[in-house]
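Colleague: Structure supplied as upload34.txt; contents: compact mmCIF, C-alpha atoms.
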```
# COMPACT_ATOMS: atom_id res chain seq x y z
CA MET A 24 138.43 57.20 93.54
CA LEU A 25 137.41 57.64 89.89
CA LEU A 26 133.78 56.93 90.70
CA SER A 27 133.87 59.48 93.51
CA ARG A 28 135.26 62.16 91.20
CA LEU A 29 132.64 61.40 88.53
CA ALA A 30 129.88 61.65 91.14
CA PHE A 31 131.26 65.00 92.32
CA ILE A 32 131.43 66.37 88.73
CA SER A 33 127.90 65.18 87.99
CA THR A 34 126.54 66.83 91.13
CA THR A 35 128.34 70.09 90.31
CA ILE A 36 126.99 70.18 86.74
CA MET A 37 123.42 69.52 87.88
CA SER A 38 123.65 72.29 90.47
CA SER A 39 125.04 74.72 87.91
CA SER A 40 122.41 73.79 85.34
CA THR A 41 119.64 74.43 87.83
CA SER A 42 121.02 77.89 88.55
CA CYS A 43 121.57 78.70 84.87
CA PHE A 44 118.00 77.89 83.93
CA GLN A 45 116.35 79.27 87.06
CA PHE A 46 115.10 82.28 85.11
CA LEU A 47 112.91 79.97 83.02
CA PHE A 48 111.19 78.55 86.07
CA PRO A 49 111.14 81.32 88.67
CA GLN A 50 110.22 80.65 92.27
CA ASN A 51 106.57 80.88 93.36
CA ASP A 52 105.37 80.70 89.75
CA VAL A 53 106.55 84.22 88.90
CA ILE A 54 104.15 86.22 91.02
CA THR A 55 103.77 85.87 94.76
CA GLN A 56 100.26 86.28 96.04
CA GLN A 57 101.38 89.19 98.22
CA GLN A 58 101.78 91.26 95.04
CA GLN A 59 98.03 91.22 94.42
CA ARG A 60 95.24 92.95 96.29
CA GLN A 61 93.58 89.75 97.33
CA PRO A 62 89.91 89.39 98.16
CA PRO A 63 89.19 86.90 100.97
CA LEU A 64 89.20 83.21 100.13
CA ILE A 65 85.56 82.18 100.57
CA ALA A 66 83.37 79.28 99.47
CA ALA A 67 79.98 80.77 98.62
CA TYR A 68 77.02 79.89 96.43
CA HIS A 69 76.80 82.23 93.44
CA GLU A 70 73.22 82.88 92.40
CA PRO A 71 72.58 81.67 88.83
CA PRO A 72 70.73 83.80 86.28
CA PRO A 73 66.96 83.86 86.92
CA HIS A 74 64.74 81.53 84.94
CA ASP A 75 63.53 82.99 81.66
CA ASP A 76 61.12 81.13 79.35
CA ASN A 77 62.73 82.89 76.38
CA ASN A 78 66.25 81.91 77.43
CA PRO A 79 67.37 78.44 76.25
CA TYR A 80 70.27 78.44 78.72
CA ASP A 81 68.74 77.60 82.09
CA VAL A 82 71.65 77.25 84.51
CA ASP A 83 71.97 74.18 86.72
CA TYR A 84 75.34 73.91 88.43
CA ALA A 85 74.78 70.18 88.95
CA ASN A 86 75.30 69.78 85.18
CA ASN A 87 78.72 71.46 85.34
CA PRO A 88 81.44 68.82 86.00
CA SER A 89 84.34 71.28 86.12
CA ALA A 90 86.16 72.79 89.10
CA PHE A 91 84.56 76.13 88.21
CA GLY A 92 81.14 74.53 88.53
CA ARG A 93 82.08 73.61 92.10
CA ILE A 94 83.18 77.21 92.75
CA LEU A 95 79.85 78.50 91.45
CA ASN A 96 77.98 75.97 93.57
CA GLY A 97 79.88 76.99 96.72
CA GLU A 98 81.77 73.71 97.07
CA LEU A 99 85.21 75.23 96.44
CA PRO A 100 86.51 78.61 97.68
CA SER A 101 87.63 81.46 95.46
CA ARG A 102 88.79 85.04 95.78
CA THR A 103 85.96 86.89 94.06
CA TYR A 104 86.56 90.28 92.46
CA LEU A 105 83.29 90.94 90.62
CA GLU A 106 79.97 89.22 90.02
CA SER A 107 77.02 89.92 87.75
CA THR A 108 73.85 88.06 86.85
CA GLU A 109 75.66 85.98 84.24
CA LEU A 110 79.39 86.24 85.11
CA LEU A 111 81.86 85.67 87.93
CA ALA A 112 85.42 87.03 88.18
CA PHE A 113 87.95 85.66 90.64
CA GLN A 114 91.69 85.44 91.18
CA ASP A 115 93.65 82.78 89.30
CA ARG A 116 94.93 80.24 91.81
CA SER A 117 98.42 80.44 90.29
CA PRO A 118 98.86 84.06 89.14
CA LYS A 119 101.27 84.76 86.31
CA ALA A 120 101.11 88.56 86.52
CA PRO A 121 100.85 91.13 89.31
CA PHE A 122 97.12 90.99 88.58
CA HIS A 123 95.70 87.76 87.17
CA ALA A 124 91.96 87.12 87.23
CA LEU A 125 89.57 84.77 85.43
CA VAL A 126 86.15 85.77 84.12
CA ILE A 127 83.72 82.87 83.66
CA PRO A 128 80.09 82.54 82.57
CA LYS A 129 77.72 81.06 85.13
CA ARG A 130 76.13 78.92 82.45
CA TYR A 131 78.24 75.96 81.43
CA VAL A 132 80.15 76.70 78.25
CA LYS A 133 82.84 74.07 77.86
CA THR A 134 85.43 75.81 75.64
CA VAL A 135 85.79 78.32 72.81
CA TYR A 136 84.83 75.49 70.46
CA THR A 137 81.38 75.46 72.05
CA LEU A 138 80.66 79.03 70.96
CA ARG A 139 78.47 79.64 67.93
CA GLY A 140 78.48 82.62 65.60
CA ASN A 141 75.76 84.46 63.73
CA SER A 142 75.44 82.00 60.85
CA HIS A 143 74.47 79.18 63.21
CA HIS A 144 71.44 81.15 64.44
CA SER A 145 70.45 83.00 61.27
CA ASP A 146 67.53 80.66 60.47
CA GLU A 147 66.15 81.06 63.99
CA LEU A 148 66.29 84.85 64.20
CA ASN A 149 63.41 86.89 62.81
CA ASP A 150 65.13 90.18 63.53
CA GLU A 151 68.60 90.52 62.00
CA SER A 152 69.49 93.10 64.65
CA GLU A 153 68.92 90.63 67.49
CA ASP A 154 72.11 89.87 69.38
CA ASN A 155 73.64 86.45 69.20
CA ASP A 156 73.79 84.95 72.71
CA ASP A 157 77.42 83.81 72.47
CA ILE A 158 78.66 87.08 71.00
CA HIS A 159 76.82 88.93 73.74
CA LEU A 160 78.43 86.63 76.32
CA ILE A 161 82.00 87.23 75.12
CA GLN A 162 81.40 90.97 74.88
CA ASN A 163 80.20 90.99 78.48
CA MET A 164 83.19 88.92 79.58
CA ARG A 165 85.50 91.42 77.90
CA GLN A 166 83.73 94.34 79.57
CA MET A 167 84.04 92.73 82.99
CA GLY A 168 87.74 92.17 82.30
CA LEU A 169 88.16 95.87 81.49
CA ASN A 170 86.21 96.81 84.62
CA LEU A 171 88.60 94.68 86.66
CA LEU A 172 91.57 96.47 85.14
CA LYS A 173 89.97 99.84 85.85
CA GLN A 174 89.65 98.85 89.52
CA GLN A 175 92.88 96.96 90.04
CA GLN A 176 95.34 98.15 87.38
CA PRO A 177 94.21 101.56 86.04
CA GLU A 178 97.67 102.48 84.74
CA ALA A 179 97.98 99.21 82.82
CA LEU A 180 94.51 99.82 81.36
CA ALA A 181 95.41 103.37 80.30
CA THR A 182 98.63 102.20 78.60
CA GLU A 183 97.09 98.99 77.20
CA ASP A 184 99.67 97.00 79.16
CA TYR A 185 97.43 93.98 79.62
CA ILE A 186 96.36 90.69 78.07
CA LEU A 187 92.81 89.38 77.64
CA CYS A 188 92.82 85.89 76.20
CA PHE A 189 91.34 82.41 75.99
CA HIS A 190 93.34 79.20 75.78
CA ILE A 191 92.41 76.86 72.94
CA PRO A 192 91.90 73.12 73.58
CA PRO A 193 93.79 70.94 74.16
CA PHE A 194 95.89 73.67 75.80
CA ASN A 195 93.23 74.82 78.28
CA SER A 196 93.46 73.82 81.93
CA VAL A 197 89.76 73.67 82.87
CA ASP A 198 86.84 72.64 80.67
CA HIS A 199 84.75 75.68 81.47
CA LEU A 200 85.21 78.77 79.33
CA HIS A 201 87.37 81.37 81.10
CA LEU A 202 88.90 84.66 80.06
CA HIS A 203 92.36 85.38 81.43
CA VAL A 204 92.90 88.98 82.56
CA LEU A 205 96.60 89.74 83.14
CA ALA A 206 98.32 93.04 83.93
CA PRO A 207 100.75 94.67 83.69
CA ALA A 208 101.90 92.46 80.82
CA SER A 209 105.29 94.17 80.83
CA GLU A 210 105.98 92.82 84.33
CA MET A 211 105.20 89.20 83.48
CA ASN A 212 107.97 86.66 83.07
CA TRP A 213 108.69 86.44 79.34
CA VAL A 214 107.91 82.70 79.29
CA TYR A 215 104.30 83.51 80.13
CA ARG A 216 103.99 86.80 78.25
CA GLU A 217 105.63 85.60 75.02
CA ILE A 218 104.63 81.94 75.05
CA LYS A 219 101.83 80.69 77.30
CA TYR A 220 99.59 83.78 77.00
CA LYS A 221 100.74 84.89 73.54
CA CYS A 222 97.64 85.72 71.50
CA GLY A 223 97.85 84.44 67.95
CA ALA A 224 99.67 81.26 68.91
CA ARG A 225 98.09 77.85 68.27
CA TRP A 226 97.13 77.63 71.94
CA CYS A 227 95.90 81.16 72.69
CA THR A 228 93.46 83.65 71.16
CA SER A 229 92.34 87.14 72.06
CA ASP A 230 88.82 88.00 73.13
CA LEU A 231 88.52 90.51 70.28
CA GLU A 232 89.40 87.89 67.66
CA VAL A 233 86.76 85.55 69.07
CA ILE A 234 84.13 88.30 68.92
CA GLU A 235 85.00 89.28 65.34
CA ARG A 236 85.01 85.70 64.10
CA LEU A 237 81.63 84.98 65.70
CA LYS A 238 80.19 88.16 64.17
CA ASP A 239 81.42 86.97 60.77
CA GLY A 240 79.69 83.62 61.24
CA LEU A 241 83.00 81.78 61.64
CA PRO A 242 84.10 79.34 64.35
CA ALA A 243 85.45 81.14 67.40
CA VAL A 244 89.00 80.04 66.58
CA ARG A 245 90.74 79.40 63.29
CA TYR A 246 92.00 75.93 64.18
CA LYS A 247 90.07 72.71 63.72
CA ARG A 248 88.65 71.17 66.84
CA PRO A 249 90.97 68.47 68.22
CA PHE A 250 89.57 64.99 68.81
CA GLN A 251 87.31 64.86 71.90
CA CYS A 252 87.98 68.49 72.91
```
Show the structure stored in the file as structure tokens.

Modeller:
Amino acid sequence: MLLSRLAFISTTIMSSSTSCFQFLFPQNDVITQQQQRQPPLIAAYHEPPPHDDNNPYDVDYANNPSAFGRILNGELPSRTYLESTELLAFQDRSPKAPFHALVIPKRYVKTVYTLRGNSHHSDELNDESEDNDDIHLIQNMRQMGLNLLKQQQPEALATEDYILCFHIPPFNSVDHLHLHVLAPASEMNWVYREIKYKCGARWCTSDLEVIERLKDGLPAVRYKRPFQC
């Protein structure tokens, strides 16, 4: 009898605890896919940038071991929003906001630690006004993110109710540089808005901070590179 009562109490407590903390782990990962204007899910080859003798970054998707490399190569499907010569934007597979997209470069850039600022190229540049390739890349990624918001979430763009950010290794999910575009930020679950995608935290940085640090000749992020990241 005592064992039966203890089992009943234990079951009741576990059930109550699950309900009490449900707000921390909401169903369907916060945002159901029906809340987004979804492009069709299609596997398609995305044309790489054309060959340029003056461009040191010839793109070969076969050299990209990440899941995003397989998306670019047409092996995995994605819901594409926008595409340019050097960038691709598609829906995050597990959206954490009413609108959640990723902007990636077509050339393989592993993480924010791969990016190089002005000082790393200063000896190679004859013209000080020449743009740094990585700064130019991040600026273009930011602009595509803003274009997405203009199309999909114009009110959030107008009120600056959005987040543009990169995760910092070892807290990134895919080893291919990707910019998160989330809006409206005010409608995100606080766990994601105030923790996972909180710019300035050890694990997350804004696109603007990356650009400014690269312009100043600093590493893209302020934290030392973790072992093997």

Colleague: Please identify every residue of stretch 158-216 of chain A that has at least one atom no farther than 8 Å from an atom of stretch 84-105 of chain A, counting only C-alpha atoms, and for each give the shortest atom pair and the distance in Å to one decimal, arranged by chain then increasing number, as JSON lines.

Modeller:
```
{"residue": "A:Met167", "atom": "CA", "partner": "A:Leu105", "partner_atom": "CA", "distance": 7.9}
{"residue": "A:Leu171", "atom": "CA", "partner": "A:Tyr104", "partner_atom": "CA", "distance": 7.6}
{"residue": "A:Val197", "atom": "CA", "partner": "A:Ser89", "partner_atom": "CA", "distance": 6.8}
{"residue": "A:Asp198", "atom": "CA", "partner": "A:Ser89", "partner_atom": "CA", "distance": 6.1}
{"residue": "A:His199", "atom": "CA", "partner": "A:Ser89", "partner_atom": "CA", "distance": 6.4}
```

Colleague: State, in Å with one decimal place, the distance from atom CA of A:Lys119 to atom CA of A:Met211.

Modeller: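 Computed distance, atom CA of A:Lys119 to atom CA of A:Met211, equals 6.6 Å.
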
Colleague: Between A:Lys129, A:His203, A:Arg165, A:Arg139, which one has atoms that come closest to A:Arg116, using only C-alpha atoms?

Modeller: A:His203

Colleague: Could you list, as a compact mmCIF listing (two decimals) with C-alpha atoms, in the frame of the given file, every residue within 10 Å of A:Ser209, counting all atoms listed in the file and ignoring same-chain residues fewer than 6 positions away?

Modeller:
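In the end it all went to part_17.txt:
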```txt
# COMPACT_ATOMS: atom_id res chain seq x y z
CA ALA A 120 101.11 88.56 86.52
CA ALA A 179 97.98 99.21 82.82
CA ASP A 184 99.67 97.00 79.16
CA TYR A 185 97.43 93.98 79.62
CA ILE A 186 96.36 90.69 78.07
CA ARG A 216 103.99 86.80 78.25
```

Colleague: Just want the 10 Å neighbourhood of A:Asn195, counted on only C-alpha atoms, with same-chain residues fewer than 5 positions away dropped. Output as a count of residues only.

Modeller: 9

Colleague: Could you check which of A:Leu205, A:Met164, A:Val214, A:Ile158 is closest to A:Leu180, using all atoms listed in the file?

Modeller: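 Selected residue with least distance to A:Leu180: A:Leu205.
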
Colleague: Around all listed atoms of stretch 123-136 of chain A, padded 4 Å per side, what centre and edge lengths does the axis-aligned box have in Å to one decimal, as JSON?

Modeller:
```
{"center_x": 85.9, "center_y": 80.9, "center_z": 78.8, "size_x": 27.6, "size_y": 21.7, "size_z": 24.8}
```

Colleague: Choose the residue, out of A:Tyr68, A:Cys188, A:Gly240, A:Lys219, that has the smallest atom-to-atom separation from A:Leu202; count only C-alpha atoms.

Modeller: A:Cys188

Colleague: Just checking: using all atoms listed in the file, which residue out of A:His69, A:Arg225, A:Lys238, A:Arg248 ends up closest to A:Glu106?

Modeller: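 Nearest candidate to A:Glu106 out of A:His69, A:Arg225, A:Lys238, A:Arg248: A:His69.
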
Colleague: Tell me which of A:Pro242, A:Pro121, A:Pro192, A:Pro71 sits closest to A:Asn141, counting all atoms listed in the file.

Modeller: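 Comparing A:Pro242, A:Pro121, A:Pro192, A:Pro71 against A:Asn141, the winner is A:Pro242.
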
Colleague: Please compute the atom CA of A:Val126-atom CA of A:Val82 distance, one decimal, in Å.

Modeller: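 Going from atom CA of A:Val126 over to atom CA of A:Val82, I get 16.8 Å.
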
Colleague: What gap, in Å, lies between atom CA of A:Leu138 and atom CA of A:Glu217?

Modeller: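 Computing the Euclidean distance for atom CA of A:Leu138 and atom CA of A:Glu217 yields 26.1 Å.
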
Colleague: Identify which of the residues A:Pro62, A:Pro193, A:Pro177, A:Pro118 lies closest to A:Tyr215, counting all atoms listed in the file when measuring atom-to-atom distances.

Modeller: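 Ranking A:Pro62, A:Pro193, A:Pro177, A:Pro118 by distance to A:Tyr215, first place goes to A:Pro118.
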
Colleague: Can you give me all heavy atoms for stretch 226-237 of chain A, written as a PDB file, in the frame of the given file?

Modeller:
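And here's out-v3.pdb as it stands now:
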```pdb
ATOM      1  N   TRP A 226      97.787  77.970  70.672  1.00  0.00           N
ATOM      2  CA  TRP A 226      97.130  77.630  71.940  1.00  0.00           C
ATOM      3  C   TRP A 226      96.393  78.799  72.588  1.00  0.00           C
ATOM      4  O   TRP A 226      95.781  78.635  73.632  1.00  0.00           O
ATOM      5  CB  TRP A 226      98.171  77.103  72.927  1.00  0.00           C
ATOM      6  CG  TRP A 226      99.380  77.996  73.039  1.00  0.00           C
ATOM      7  CD1 TRP A 226      99.528  79.101  73.823  1.00  0.00           C
ATOM      8  CD2 TRP A 226     100.587  77.861  72.309  1.00  0.00           C
ATOM      9  NE1 TRP A 226     100.756  79.673  73.634  1.00  0.00           N
ATOM     10  CE2 TRP A 226     101.437  78.920  72.702  1.00  0.00           C
ATOM     11  CE3 TRP A 226     101.055  76.930  71.355  1.00  0.00           C
ATOM     12  CZ2 TRP A 226     102.713  79.082  72.176  1.00  0.00           C
ATOM     13  CZ3 TRP A 226     102.325  77.110  70.829  1.00  0.00           C
ATOM     14  CH2 TRP A 226     103.139  78.165  71.239  1.00  0.00           C
ATOM     15  N   CYS A 227      96.435  79.974  71.998  1.00  0.00           N
ATOM     16  CA  CYS A 227      95.900  81.160  72.690  1.00  0.00           C
ATOM     17  C   CYS A 227      95.292  82.142  71.699  1.00  0.00           C
ATOM     18  O   CYS A 227      95.877  82.426  70.652  1.00  0.00           O
ATOM     19  CB  CYS A 227      97.040  81.823  73.467  1.00  0.00           C
ATOM     20  SG  CYS A 227      96.523  83.100  74.627  1.00  0.00           S
ATOM     21  N   THR A 228      94.119  82.680  72.028  1.00  0.00           N
ATOM     22  CA  THR A 228      93.460  83.650  71.160  1.00  0.00           C
ATOM     23  C   THR A 228      92.926  84.813  71.979  1.00  0.00           C
ATOM     24  O   THR A 228      92.582  84.655  73.151  1.00  0.00           O
ATOM     25  CB  THR A 228      92.300  82.983  70.373  1.00  0.00           C
ATOM     26  OG1 THR A 228      91.747  83.929  69.452  1.00  0.00           O
ATOM     27  CG2 THR A 228      91.194  82.504  71.311  1.00  0.00           C
ATOM     28  N   SER A 229      92.845  85.968  71.358  1.00  0.00           N
ATOM     29  CA  SER A 229      92.340  87.140  72.060  1.00  0.00           C
ATOM     30  C   SER A 229      90.824  87.160  72.083  1.00  0.00           C
ATOM     31  O   SER A 229      90.167  86.557  71.231  1.00  0.00           O
ATOM     32  CB  SER A 229      92.857  88.425  71.394  1.00  0.00           C
ATOM     33  OG  SER A 229      92.195  88.643  70.158  1.00  0.00           O
ATOM     34  N   ASP A 230      90.273  87.864  73.044  1.00  0.00           N
ATOM     35  CA  ASP A 230      88.820  88.000  73.130  1.00  0.00           C
ATOM     36  C   ASP A 230      88.261  88.731  71.910  1.00  0.00           C
ATOM     37  O   ASP A 230      87.200  88.383  71.392  1.00  0.00           O
ATOM     38  CB  ASP A 230      88.439  88.739  74.415  1.00  0.00           C
ATOM     39  CG  ASP A 230      89.080  90.114  74.500  1.00  0.00           C
ATOM     40  OD1 ASP A 230      90.225  90.286  74.046  1.00  0.00           O
ATOM     41  OD2 ASP A 230      88.432  91.042  75.020  1.00  0.00           O
ATOM     42  N   LEU A 231      88.995  89.725  71.433  1.00  0.00           N
ATOM     43  CA  LEU A 231      88.520  90.510  70.280  1.00  0.00           C
ATOM     44  C   LEU A 231      88.462  89.657  69.015  1.00  0.00           C
ATOM     45  O   LEU A 231      87.537  89.797  68.210  1.00  0.00           O
ATOM     46  CB  LEU A 231      89.422  91.721  70.063  1.00  0.00           C
ATOM     47  CG  LEU A 231      89.308  92.828  71.112  1.00  0.00           C
ATOM     48  CD1 LEU A 231      90.319  93.942  70.836  1.00  0.00           C
ATOM     49  CD2 LEU A 231      87.893  93.403  71.159  1.00  0.00           C
ATOM     50  N   GLU A 232      89.431  88.765  68.840  1.00  0.00           N
ATOM     51  CA  GLU A 232      89.400  87.890  67.660  1.00  0.00           C
ATOM     52  C   GLU A 232      88.207  86.946  67.728  1.00  0.00           C
ATOM     53  O   GLU A 232      87.537  86.702  66.715  1.00  0.00           O
ATOM     54  CB  GLU A 232      90.694  87.094  67.537  1.00  0.00           C
ATOM     55  CG  GLU A 232      90.695  86.202  66.298  1.00  0.00           C
ATOM     56  CD  GLU A 232      91.997  85.470  66.059  1.00  0.00           C
ATOM     57  OE1 GLU A 232      92.889  85.548  66.927  1.00  0.00           O
ATOM     58  OE2 GLU A 232      92.117  84.809  65.007  1.00  0.00           O
ATOM     59  N   VAL A 233      87.919  86.428  68.907  1.00  0.00           N
ATOM     60  CA  VAL A 233      86.760  85.550  69.070  1.00  0.00           C
ATOM     61  C   VAL A 233      85.479  86.288  68.705  1.00  0.00           C
ATOM     62  O   VAL A 233      84.631  85.774  67.963  1.00  0.00           O
ATOM     63  CB  VAL A 233      86.685  85.009  70.514  1.00  0.00           C
ATOM     64  CG1 VAL A 233      85.349  84.303  70.759  1.00  0.00           C
ATOM     65  CG2 VAL A 233      87.839  84.054  70.790  1.00  0.00           C
ATOM     66  N   ILE A 234      85.332  87.510  69.195  1.00  0.00           N
ATOM     67  CA  ILE A 234      84.130  88.300  68.920  1.00  0.00           C
ATOM     68  C   ILE A 234      83.988  88.551  67.428  1.00  0.00           C
ATOM     69  O   ILE A 234      82.896  88.364  66.849  1.00  0.00           O
ATOM     70  CB  ILE A 234      84.170  89.630  69.694  1.00  0.00           C
ATOM     71  CG1 ILE A 234      84.021  89.385  71.196  1.00  0.00           C
ATOM     72  CG2 ILE A 234      83.062  90.578  69.204  1.00  0.00           C
ATOM     73  CD1 ILE A 234      84.303  90.598  72.062  1.00  0.00           C
ATOM     74  N   GLU A 235      85.068  88.974  66.774  1.00  0.00           N
ATOM     75  CA  GLU A 235      85.000  89.280  65.340  1.00  0.00           C
ATOM     76  C   GLU A 235      84.686  88.037  64.510  1.00  0.00           C
ATOM     77  O   GLU A 235      83.903  88.107  63.554  1.00  0.00           O
ATOM     78  CB  GLU A 235      86.309  89.925  64.873  1.00  0.00           C
ATOM     79  CG  GLU A 235      86.524  91.331  65.401  1.00  0.00           C
ATOM     80  CD  GLU A 235      85.330  92.246  65.122  1.00  0.00           C
ATOM     81  OE1 GLU A 235      84.888  92.299  63.945  1.00  0.00           O
ATOM     82  OE2 GLU A 235      84.835  92.880  66.065  1.00  0.00           O
ATOM     83  N   ARG A 236      85.271  86.923  64.859  1.00  0.00           N
ATOM     84  CA  ARG A 236      85.010  85.700  64.100  1.00  0.00           C
ATOM     85  C   ARG A 236      83.554  85.245  64.276  1.00  0.00           C
ATOM     86  O   ARG A 236      82.907  84.830  63.306  1.00  0.00           O
ATOM     87  CB  ARG A 236      85.970  84.588  64.538  1.00  0.00           C
ATOM     88  CG  ARG A 236      87.407  84.820  64.089  1.00  0.00           C
ATOM     89  CD  ARG A 236      88.311  83.669  64.503  1.00  0.00           C
ATOM     90  NE  ARG A 236      87.921  82.427  63.851  1.00  0.00           N
ATOM     91  CZ  ARG A 236      88.314  82.061  62.623  1.00  0.00           C
ATOM     92  NH1 ARG A 236      89.123  82.842  61.922  1.00  0.00           N
ATOM     93  NH2 ARG A 236      87.920  80.908  62.102  1.00  0.00           N
ATOM     94  N   LEU A 237      83.030  85.353  65.485  1.00  0.00           N
ATOM     95  CA  LEU A 237      81.630  84.980  65.700  1.00  0.00           C
ATOM     96  C   LEU A 237      80.693  85.909  64.944  1.00  0.00           C
ATOM     97  O   LEU A 237      79.690  85.476  64.381  1.00  0.00           O
ATOM     98  CB  LEU A 237      81.310  85.002  67.203  1.00  0.00           C
ATOM     99  CG  LEU A 237      81.999  83.936  68.068  1.00  0.00           C
ATOM    100  CD1 LEU A 237      81.649  84.137  69.534  1.00  0.00           C
ATOM    101  CD2 LEU A 237      81.630  82.526  67.624  1.00  0.00           C
TER     102      LEU A 237
END
```
